[in-house]
Amino acid sequence: MTLVFGVPLSVLFGQLLLGLINGSFYALLSLGLAIIFGLLRIINFAHGAQYMLGAFAAFLGLNYLGIDYWLALLLSPLLIGLLGMGIERGLLRRIAGEDHLYGLLLTFGLALILEGSFVKLFGVSGSPYPMPELLKGGHNLGFMFLPTYRGWVIVAALTVCFATWYMIERTRLGSYLRAGTENPKLMQAFGINVPLLITLTYGYGVALAAFAGVLAAPIYAVTPGMGSNLLIVVFAVVVIGGMGSIMGAIVTGLAMGLIEGLTKVFYPEAANTVIFVIMVLVLLMRPAGLFGKEA
Amino acid sequence: MSTQQSVQTPSMHASLQVKANAERERRRAARRRQHIFYLVLLGLAMVAPLMVYPVFLMKLLCFALFACAFNLLLGYAGLLSFGHAAFFACGGYITGYMLSTYTGLSTELGIVAGTLASTVLGFVFGVLAIRRQGIYFAMITLALAQMVFFVFVQAPFTGGENGLQGVPRGHLFGLFDMQNNMSLYYFVLAVFVLGFVIIQRTIHSPYGQVLKAIRENEPRAISLGYNVDAHKLLAFVISAALTGLAGSTKTVVFQLASLTDAHWHMSGEVILMTLLGGVGTILGPVVGATVVVTLQSSLSNGPLGEWVHVILGVIFVACVLLFRAGLVGWVEKLIKRNFK
């Protein structure tokens with residue numbers, strides 16, 4: 001068996017694969033945070049709870065309505081995205097002109113409400129979500145074993161990430177969004193419906209989180225707390241990357257996942273903290289973040 | 001300015017003098033009233049344990065000090081830290097470790113050790129976090145606190161998931177047995193008063209005024225020649241030290257240091273206390289802490305016990321949407337409207 005620095009190659013690749021999967025989730029979530037921050041100028045603390053809602057929507061849909069995985073992958077983000085638009089219209093809009101910190105506090109309160117209710121209704125431990133029939137099993141790639149579902153997660157997450165990037169950077173709607181990020185008042189003067197754009201943007205960011213939640217459901221157990229701990233890591237990823245660029249969010253997310261995977265192989269004790277350590281280093285050397293512009 | 005002064009007649013000058021004197025007199029009277037108010041509060045706190053369970057009161061005092069320390073940062077320097085649980089827990093763990101390992105160590109030395117550890121941790125957090133502003137500041141402190149949380153989960157001296165249990169309370173100055181709840185209560189009250197006075201003095205000192213200037217307009221403060229980063233860092237360190245003091249004292253009271261203290265829920269709770277009571281008011285955090293702690297302990301025994309986090313979340317949302325001045329801010333506005 002081939003060894004790299006005393007570690008079997010298959011173990012190394014296995015952990016790198018896990019890291020890439022975690023990185024896909026980091027990328028999806030930090031992408032959503034970055035889009036929302038760009039236009040609304042708030043950090044969506046409820047992002048983790050909305051990711052959890054996405055997973056629960058898929059889980060409940062399967063158990064009570066017989067909605068299968070593929071349909072859930074479409075319906076759950078749609079449903080949670082609509083819920084997000086409701087939150088934006090009903091709550092976030094009221095504090096739009098205030099200090100941005102109030103947005104953080106409001107969404108933090110929302111996260112507490114959502115998580116607390118689900119803990120009460122479904123318990124802390126949560127439930128497993130069955131893997132879709134089509135994606136069971138795996139392939140032997142020669143140097144490692146690739147479970148089909150995990151491969152699918154990476155492909156699906158990357159596809160959505162790059163589709164989002166394309167939409168924002170290369171389409172007319174995206175150009176509105178970028179212009180709105182720069183100067184919303186001028187946009188409004190040109191006759192573009194900025195409030196609607198804001199609602200759609202928040203809804204889309206939330207839908208991305210819900211999509212990540214459905215992708216995560218068959219790998220991790222569906223629990224009320226699945227989002228909050230992940231979200232704090234994503235915050236660190238966002239600080240590392242800076243929220244200035246869409247591609248930056250995607251690349252940083254994937255890279256941090258890979259680094260975390262490598263740490264699990266070579267120094268497992270630090271696997272939980274390595275991303276925070278990198279955040280500290282980035283703050284010391286490049287405070288605006290790797291892809292950030294100083295605001 | 002100078003032309004105006006030269007035009008002034010001697011009699012105008014005298015009347016200005018009288019006005020200034022009256023203003024000074026009015027302020028002095030207001031300060032005297034405030035002192036009397038505080039003395040009445042202190043008197044109430046002295047007799048409170050005769051009527052209310054002292055351990056509950058000590059919990060209140062610890063969290064009130066925690067919230068006051070947090071308010072120094074949010075209310076007067078405008079910095080929203082989402083990682084204050086780290087300092088609270090750090091103080092608690094170090095004090096717990098010192099008192100359990102070195103039996104016979106006097107109580108106050110254990111607390112001093114915990115406070116010092118939090119001060120150092122606060123310096124490290126502060127140096128890193130003040131490199132970014134606003135929302136980033138909140139995210140960085142949250143992420144650093146989460147790192148500290150993982151360190152406490154894995155470190156050999158923290159007892160992992162169980163935490164440090166049965167921490168001896170020790171003897172104060174090696175003389176007074178703190179096992180007695182009543183004697184411990186007066187010690188905790190003294191600690192709280194000490195912390196409260198430090199915060200008061202900080203806010204009303206010239207340094208506190210500069211801090212407020214930075215909160216209101218940072219570029220202006222920079223252009224006036226203030227070293228803004230140093231001022232912010234000092235505020236952060238003072239806040240962390242007093243938070244550590246609160247955490248250390250809490251460990252002595254409950255003889256327990258656990259991961260609950262380090263969890264981000266704790267950082268959220270202290271924000272809620274401050275927000276509910278009134279950000280930037282002196283008594284707001286005390287009121288907020290009293291309401292939240294009372295709410296938690298009364299709910300935990302009732303049928304709504306499992307809904308505590310939901311209820312706290314609802315209060316959070318309500319505070320941000322409807323009640324941004326907090327309870328104390330609201331009462332102050334009411335008094336101003338009706339009595340002046």
# chains A, B, ... in the order shown; residues from 1 in each chain; ligands from 1
$ interface_residues --of "chain B" --to "chain A" --cutoff "7 Å" --atoms "only C-alpha atoms" --output "list in words"
Leu128, Arg131, Arg132, Ile135, Tyr136, Met139, Ile140, Ala143, Leu144, Met147, Phe150, Glu306, Trp307, His309, Val310, Gly313, Val314, Phe316, Val317 and Val320 of chain B
$ write_last_selection --atoms "N, CA and C atoms" --output "PDB file, in the first residue's frame"
ATOM      1  N   LEU B 128      -7.010  40.938  17.685  1.00  0.00           N
ATOM      2  CA  LEU B 128      -7.440  40.385  16.397  1.00  0.00           C
ATOM      3  C   LEU B 128      -8.713  41.053  15.895  1.00  0.00           C
ATOM      4  N   ARG B 131      -9.320  44.660  14.235  1.00  0.00           N
ATOM      5  CA  ARG B 131      -8.838  44.917  12.876  1.00  0.00           C
ATOM      6  C   ARG B 131      -9.994  45.074  11.890  1.00  0.00           C
ATOM      7  N   ARG B 132     -11.166  44.591  12.263  1.00  0.00           N
ATOM      8  CA  ARG B 132     -12.330  44.769  11.395  1.00  0.00           C
ATOM      9  C   ARG B 132     -13.435  45.455  12.182  1.00  0.00           C
ATOM     10  N   ILE B 135     -20.095  44.386  11.460  1.00  0.00           N
ATOM     11  CA  ILE B 135     -20.556  43.013  11.374  1.00  0.00           C
ATOM     12  C   ILE B 135     -19.397  42.032  11.437  1.00  0.00           C
ATOM     13  N   TYR B 136     -18.280  42.386  10.794  1.00  0.00           N
ATOM     14  CA  TYR B 136     -17.122  41.502  10.831  1.00  0.00           C
ATOM     15  C   TYR B 136     -16.621  41.329  12.255  1.00  0.00           C
ATOM     16  N   MET B 139     -18.645  38.738  13.865  1.00  0.00           N
ATOM     17  CA  MET B 139     -18.368  37.388  13.375  1.00  0.00           C
ATOM     18  C   MET B 139     -17.029  36.871  13.884  1.00  0.00           C
ATOM     19  N   ILE B 140     -16.032  37.765  13.938  1.00  0.00           N
ATOM     20  CA  ILE B 140     -14.701  37.330  14.385  1.00  0.00           C
ATOM     21  C   ILE B 140     -14.743  36.919  15.851  1.00  0.00           C
ATOM     22  N   ALA B 143     -16.400  33.580  16.126  1.00  0.00           N
ATOM     23  CA  ALA B 143     -15.567  32.464  15.676  1.00  0.00           C
ATOM     24  C   ALA B 143     -14.458  32.172  16.686  1.00  0.00           C
ATOM     25  N   LEU B 144     -13.839  33.231  17.238  1.00  0.00           N
ATOM     26  CA  LEU B 144     -12.776  33.015  18.227  1.00  0.00           C
ATOM     27  C   LEU B 144     -13.339  32.312  19.464  1.00  0.00           C
ATOM     28  N   MET B 147     -13.734  28.742  18.874  1.00  0.00           N
ATOM     29  CA  MET B 147     -12.451  28.059  18.965  1.00  0.00           C
ATOM     30  C   MET B 147     -12.124  27.768  20.432  1.00  0.00           C
ATOM     31  N   PHE B 150     -14.045  24.818  21.655  1.00  0.00           N
ATOM     32  CA  PHE B 150     -13.470  23.525  21.295  1.00  0.00           C
ATOM     33  C   PHE B 150     -12.236  23.218  22.139  1.00  0.00           C
ATOM     34  N   GLU B 306     -39.420  23.852  28.216  1.00  0.00           N
ATOM     35  CA  GLU B 306     -38.705  23.493  26.993  1.00  0.00           C
ATOM     36  C   GLU B 306     -38.768  24.605  25.949  1.00  0.00           C
ATOM     37  N   TRP B 307     -39.551  25.611  26.231  1.00  0.00           N
ATOM     38  CA  TRP B 307     -39.701  26.695  25.259  1.00  0.00           C
ATOM     39  C   TRP B 307     -38.809  27.880  25.567  1.00  0.00           C
ATOM     40  N   HIS B 309     -35.748  28.791  24.994  1.00  0.00           N
ATOM     41  CA  HIS B 309     -34.999  29.434  23.913  1.00  0.00           C
ATOM     42  C   HIS B 309     -35.921  30.154  22.935  1.00  0.00           C
ATOM     43  N   VAL B 310     -37.092  29.546  22.707  1.00  0.00           N
ATOM     44  CA  VAL B 310     -38.052  30.190  21.805  1.00  0.00           C
ATOM     45  C   VAL B 310     -38.499  31.527  22.395  1.00  0.00           C
ATOM     46  N   GLY B 313     -35.869  34.038  22.113  1.00  0.00           N
ATOM     47  CA  GLY B 313     -35.799  34.488  20.721  1.00  0.00           C
ATOM     48  C   GLY B 313     -36.882  35.501  20.408  1.00  0.00           C
ATOM     49  N   VAL B 314     -38.097  35.249  20.913  1.00  0.00           N
ATOM     50  CA  VAL B 314     -39.206  36.175  20.670  1.00  0.00           C
ATOM     51  C   VAL B 314     -38.906  37.533  21.319  1.00  0.00           C
ATOM     52  N   PHE B 316     -35.988  38.749  21.856  1.00  0.00           N
ATOM     53  CA  PHE B 316     -34.953  39.336  21.006  1.00  0.00           C
ATOM     54  C   PHE B 316     -35.579  40.093  19.839  1.00  0.00           C
ATOM     55  N   VAL B 317     -36.445  39.395  19.101  1.00  0.00           N
ATOM     56  CA  VAL B 317     -37.065  39.990  17.918  1.00  0.00           C
ATOM     57  C   VAL B 317     -37.897  41.207  18.325  1.00  0.00           C
ATOM     58  N   VAL B 320     -35.693  44.225  19.115  1.00  0.00           N
ATOM     59  CA  VAL B 320     -35.109  44.886  17.953  1.00  0.00           C
ATOM     60  C   VAL B 320     -36.174  45.656  17.178  1.00  0.00           C
TER      61      VAL B 320
END
$ select_by_dssp --residues "region 81-233 of chain B" --states "strand (DSSP E or B)" --output "mmCIF file with N, CA and C atoms, in the first residue's frame"
data_model
loop_
_atom_site.group_PDB
_atom_site.id
_atom_site.type_symbol
_atom_site.label_atom_id
_atom_site.label_comp_id
_atom_site.auth_asym_id
_atom_site.auth_seq_id
_atom_site.Cartn_x
_atom_site.Cartn_y
_atom_site.Cartn_z
ATOM 1 N N LEU B 164 -16.045 21.029 35.431
ATOM 2 C CA LEU B 164 -15.441 20.905 36.759
ATOM 3 C C LEU B 164 -16.557 20.960 37.780
ATOM 4 N N GLN B 165 -16.737 19.832 38.511
ATOM 5 C CA GLN B 165 -17.831 19.806 39.475
ATOM 6 C C GLN B 165 -17.270 19.801 40.886
ATOM 7 N N HIS B 171 -11.769 29.589 51.615
ATOM 8 C CA HIS B 171 -11.933 30.590 52.667
ATOM 9 C C HIS B 171 -11.511 31.934 52.127
ATOM 10 N N LEU B 172 -12.329 32.962 52.367
ATOM 11 C CA LEU B 172 -11.991 34.303 51.916
ATOM 12 C C LEU B 172 -10.833 34.831 52.753
ATOM 13 N N PHE B 176 -12.497 33.529 56.293
ATOM 14 C CA PHE B 176 -13.944 33.357 56.388
ATOM 15 C C PHE B 176 -14.402 32.197 55.514
ATOM 16 N N ASP B 177 -15.126 31.268 56.126
ATOM 17 C CA ASP B 177 -15.613 30.122 55.387
ATOM 18 C C ASP B 177 -16.728 30.557 54.441
#
$ atom_distance --atom1 "CA of Gly91 (chain B)" --atom2 "CA of Leu116 (chain B)"
7.9 Å
$ residues_around --residues "Phe187 (chain B)" --least-positions-apart "6" --cutoff "10 Å" --atoms "only C-alpha atoms" --output "PyMOL selection string"
chain B and resi 58+108+172+178+181+193+249
$ closest_residue --among "A:Leu254, A:Ile21, A:Ala217, A:Ile35" --to "Pro130 (chain A)" --atoms "only C-alpha atoms"
A:Ala217
$ select_by_dssp --residues "region 25-74 of chain B" --states "alpha helix (DSSP H)" --output "PyMOL selection string"
chain B and resi 25-47+54-71
$ write_last_selection --atoms "N, CA and C atoms" --output "short mmCIF file (atom, residue, chain, number, x, y, z; two decimals), in the first residue's frame"
data_model
loop_
_atom_site.label_atom_id
_atom_site.label_comp_id
_atom_site.auth_asym_id
_atom_site.auth_seq_id
_atom_site.Cartn_x
_atom_site.Cartn_y
_atom_site.Cartn_z
N GLU B 25 -24.78 74.06 40.03
CA GLU B 25 -25.53 73.67 41.22
C GLU B 25 -26.54 72.58 40.88
N ARG B 26 -27.20 72.76 39.71
CA ARG B 26 -28.22 71.81 39.28
C ARG B 26 -27.59 70.42 39.06
N ARG B 27 -26.41 70.43 38.41
CA ARG B 27 -25.74 69.16 38.15
C ARG B 27 -25.33 68.47 39.44
N ARG B 28 -24.85 69.31 40.38
CA ARG B 28 -24.42 68.74 41.65
C ARG B 28 -25.61 68.07 42.36
N ALA B 29 -26.76 68.77 42.30
CA ALA B 29 -27.95 68.22 42.94
C ALA B 29 -28.36 66.91 42.28
N ALA B 30 -28.27 66.87 40.94
CA ALA B 30 -28.64 65.66 40.20
C ALA B 30 -27.73 64.51 40.62
N ARG B 31 -26.43 64.85 40.76
CA ARG B 31 -25.48 63.80 41.14
C ARG B 31 -25.78 63.30 42.55
N ARG B 32 -26.17 64.27 43.43
CA ARG B 32 -26.49 63.87 44.80
C ARG B 32 -27.69 62.93 44.81
N ARG B 33 -28.71 63.32 44.01
CA ARG B 33 -29.89 62.45 43.92
C ARG B 33 -29.51 61.05 43.44
N GLN B 34 -28.60 61.02 42.45
CA GLN B 34 -28.19 59.73 41.91
C GLN B 34 -27.48 58.91 42.99
N HIS B 35 -26.61 59.58 43.76
CA HIS B 35 -25.90 58.86 44.82
C HIS B 35 -26.88 58.28 45.82
N ILE B 36 -27.90 59.09 46.19
CA ILE B 36 -28.89 58.60 47.16
C ILE B 36 -29.62 57.39 46.58
N PHE B 37 -29.95 57.48 45.27
CA PHE B 37 -30.63 56.38 44.60
C PHE B 37 -29.80 55.10 44.68
N TYR B 38 -28.49 55.23 44.39
CA TYR B 38 -27.62 54.05 44.45
C TYR B 38 -27.52 53.50 45.86
N LEU B 39 -27.46 54.43 46.85
CA LEU B 39 -27.36 53.96 48.24
C LEU B 39 -28.62 53.20 48.64
N VAL B 40 -29.79 53.68 48.18
CA VAL B 40 -31.03 52.96 48.48
C VAL B 40 -30.98 51.57 47.86
N LEU B 41 -30.51 51.50 46.58
CA LEU B 41 -30.40 50.20 45.92
C LEU B 41 -29.48 49.27 46.70
N LEU B 42 -28.35 49.84 47.14
CA LEU B 42 -27.38 49.03 47.89
C LEU B 42 -28.01 48.52 49.18
N GLY B 43 -28.77 49.42 49.85
CA GLY B 43 -29.46 49.02 51.08
C GLY B 43 -30.42 47.87 50.81
N LEU B 44 -31.17 47.96 49.73
CA LEU B 44 -32.10 46.89 49.37
C LEU B 44 -31.34 45.59 49.14
N ALA B 45 -30.18 45.70 48.42
CA ALA B 45 -29.40 44.50 48.14
C ALA B 45 -28.87 43.89 49.44
N MET B 46 -28.60 44.75 50.45
CA MET B 46 -28.08 44.22 51.71
C MET B 46 -29.13 43.38 52.44
N VAL B 47 -30.41 43.80 52.37
CA VAL B 47 -31.42 43.06 53.12
C VAL B 47 -32.11 41.99 52.28
N PRO B 54 -30.61 33.19 48.74
CA PRO B 54 -29.35 33.90 48.41
C PRO B 54 -28.64 33.37 47.16
N VAL B 55 -28.72 32.07 46.88
CA VAL B 55 -28.00 31.55 45.71
C VAL B 55 -28.58 32.16 44.43
N PHE B 56 -29.91 32.33 44.42
CA PHE B 56 -30.55 32.96 43.27
C PHE B 56 -30.07 34.40 43.12
N LEU B 57 -29.98 35.10 44.25
CA LEU B 57 -29.52 36.49 44.22
C LEU B 57 -28.08 36.57 43.72
N MET B 58 -27.26 35.61 44.16
CA MET B 58 -25.86 35.63 43.73
C MET B 58 -25.77 35.39 42.22
N LYS B 59 -26.63 34.49 41.71
CA LYS B 59 -26.67 34.25 40.27
C LYS B 59 -27.02 35.56 39.55
N LEU B 60 -28.04 36.24 40.10
CA LEU B 60 -28.44 37.53 39.53
C LEU B 60 -27.27 38.50 39.46
N LEU B 61 -26.55 38.62 40.59
CA LEU B 61 -25.45 39.58 40.66
C LEU B 61 -24.36 39.23 39.65
N CYS B 62 -24.04 37.94 39.54
CA CYS B 62 -23.00 37.52 38.60
C CYS B 62 -23.40 37.88 37.17
N PHE B 63 -24.65 37.57 36.81
CA PHE B 63 -25.06 37.87 35.44
C PHE B 63 -25.22 39.37 35.22
N ALA B 64 -25.62 40.09 36.28
CA ALA B 64 -25.74 41.55 36.15
C ALA B 64 -24.36 42.15 35.87
N LEU B 65 -23.34 41.66 36.59
CA LEU B 65 -21.98 42.16 36.35
C LEU B 65 -21.52 41.82 34.93
N PHE B 66 -21.83 40.59 34.51
CA PHE B 66 -21.51 40.13 33.17
C PHE B 66 -22.13 41.10 32.14
N ALA B 67 -23.42 41.40 32.32
CA ALA B 67 -24.12 42.26 31.36
C ALA B 67 -23.58 43.69 31.41
N CYS B 68 -23.23 44.18 32.62
CA CYS B 68 -22.67 45.53 32.73
C CYS B 68 -21.35 45.62 31.98
N ALA B 69 -20.52 44.58 32.13
CA ALA B 69 -19.22 44.56 31.45
C ALA B 69 -19.42 44.54 29.94
N PHE B 70 -20.43 43.77 29.51
CA PHE B 70 -20.72 43.70 28.08
C PHE B 70 -21.22 45.05 27.57
N ASN B 71 -22.04 45.71 28.38
CA ASN B 71 -22.61 46.99 28.00
C ASN B 71 -21.55 48.07 27.86
#
$ atom_distance --atom1 "CA of Phe192 (chain B)" --atom2 "CA of Val308 (chain B)"
26.7 Å
$ atom_distance --atom1 "CA of Leu262 (chain A)" --atom2 "CA of Ser24 (chain A)"
15.4 Å
$ residues_around --residues "region 73-76 of chain A" --least-positions-apart "2" --cutoff "10 Å" --atoms "only C-alpha atoms" --output "list in words"
Leu53, Gly54, Ala55, Phe56, Ala57, Ala58, Phe59, Gly61, Ile67, Asp68, Tyr69, Trp70, Leu71, Leu78, Leu79, Ile80, Gly81, Leu82, Ala207, Ala210, Phe211, Ala212, Gly213, Val214 and Leu215 of chain A
$ closest_residue --among "B:Gly326, B:Tyr76, B:Pro168, B:Thr260" --to "Val291 (chain B)" --atoms "only C-alpha atoms"
B:Gly326
$ decode --residues "region 229-282 of chain A" --atoms "C-alpha atoms" --output "PDB file, in the first residue's frame"
ATOM      1  CA  ASN A 229     -22.526  24.922  14.640  1.00  0.00           C
ATOM      2  CA  LEU A 230     -21.911  24.774  10.911  1.00  0.00           C
ATOM      3  CA  LEU A 231     -22.856  28.428  10.585  1.00  0.00           C
ATOM      4  CA  ILE A 232     -20.149  29.611  12.982  1.00  0.00           C
ATOM      5  CA  VAL A 233     -17.525  27.822  10.866  1.00  0.00           C
ATOM      6  CA  VAL A 234     -19.059  29.455   7.794  1.00  0.00           C
ATOM      7  CA  PHE A 235     -18.708  32.842   9.509  1.00  0.00           C
ATOM      8  CA  ALA A 236     -14.996  32.141   9.886  1.00  0.00           C
ATOM      9  CA  VAL A 237     -14.861  31.141   6.208  1.00  0.00           C
ATOM     10  CA  VAL A 238     -16.569  34.415   5.308  1.00  0.00           C
ATOM     11  CA  VAL A 239     -14.047  36.391   7.366  1.00  0.00           C
ATOM     12  CA  ILE A 240     -11.197  34.515   5.660  1.00  0.00           C
ATOM     13  CA  GLY A 241     -12.543  35.075   2.147  1.00  0.00           C
ATOM     14  CA  GLY A 242     -14.058  38.497   2.606  1.00  0.00           C
ATOM     15  CA  MET A 243     -17.527  39.080   1.217  1.00  0.00           C
ATOM     16  CA  GLY A 244     -16.451  41.169  -1.737  1.00  0.00           C
ATOM     17  CA  SER A 245     -16.549  38.495  -4.421  1.00  0.00           C
ATOM     18  CA  ILE A 246     -18.853  35.627  -5.363  1.00  0.00           C
ATOM     19  CA  MET A 247     -16.074  33.456  -6.734  1.00  0.00           C
ATOM     20  CA  GLY A 248     -14.032  34.245  -3.634  1.00  0.00           C
ATOM     21  CA  ALA A 249     -16.756  32.804  -1.403  1.00  0.00           C
ATOM     22  CA  ILE A 250     -16.921  29.585  -3.455  1.00  0.00           C
ATOM     23  CA  VAL A 251     -13.154  29.081  -3.664  1.00  0.00           C
ATOM     24  CA  THR A 252     -12.564  29.869   0.018  1.00  0.00           C
ATOM     25  CA  GLY A 253     -15.346  27.494   1.069  1.00  0.00           C
ATOM     26  CA  LEU A 254     -13.882  24.584  -0.898  1.00  0.00           C
ATOM     27  CA  ALA A 255     -10.323  25.331   0.175  1.00  0.00           C
ATOM     28  CA  MET A 256     -11.245  25.470   3.863  1.00  0.00           C
ATOM     29  CA  GLY A 257     -13.047  22.132   3.554  1.00  0.00           C
ATOM     30  CA  LEU A 258      -9.950  20.555   2.000  1.00  0.00           C
ATOM     31  CA  ILE A 259      -7.651  21.993   4.662  1.00  0.00           C
ATOM     32  CA  GLU A 260      -9.961  20.690   7.362  1.00  0.00           C
ATOM     33  CA  GLY A 261      -9.870  17.237   5.728  1.00  0.00           C
ATOM     34  CA  LEU A 262      -6.057  17.266   5.592  1.00  0.00           C
ATOM     35  CA  THR A 263      -5.886  18.297   9.247  1.00  0.00           C
ATOM     36  CA  LYS A 264      -8.060  15.316  10.147  1.00  0.00           C
ATOM     37  CA  VAL A 265      -5.431  13.035   8.599  1.00  0.00           C
ATOM     38  CA  PHE A 266      -2.276  14.592   9.985  1.00  0.00           C
ATOM     39  CA  TYR A 267      -3.309  16.214  13.265  1.00  0.00           C
ATOM     40  CA  PRO A 268      -6.860  15.174  14.175  1.00  0.00           C
ATOM     41  CA  GLU A 269      -6.871  17.075  17.502  1.00  0.00           C
ATOM     42  CA  ALA A 270      -6.892  20.373  15.635  1.00  0.00           C
ATOM     43  CA  ALA A 271      -9.531  19.444  13.035  1.00  0.00           C
ATOM     44  CA  ASN A 272     -12.245  21.428  14.824  1.00  0.00           C
ATOM     45  CA  THR A 273     -10.150  24.537  15.243  1.00  0.00           C
ATOM     46  CA  VAL A 274      -7.984  24.720  12.130  1.00  0.00           C
ATOM     47  CA  ILE A 275     -10.352  27.023  10.218  1.00  0.00           C
ATOM     48  CA  PHE A 276     -10.449  29.432  13.163  1.00  0.00           C
ATOM     49  CA  VAL A 277      -6.646  29.394  13.320  1.00  0.00           C
ATOM     50  CA  ILE A 278      -6.499  30.231   9.621  1.00  0.00           C
ATOM     51  CA  MET A 279      -8.946  33.053  10.275  1.00  0.00           C
ATOM     52  CA  VAL A 280      -6.583  34.440  12.914  1.00  0.00           C
ATOM     53  CA  LEU A 281      -3.635  34.234  10.514  1.00  0.00           C
ATOM     54  CA  VAL A 282      -5.583  35.948   7.744  1.00  0.00           C
TER      55      VAL A 282
END
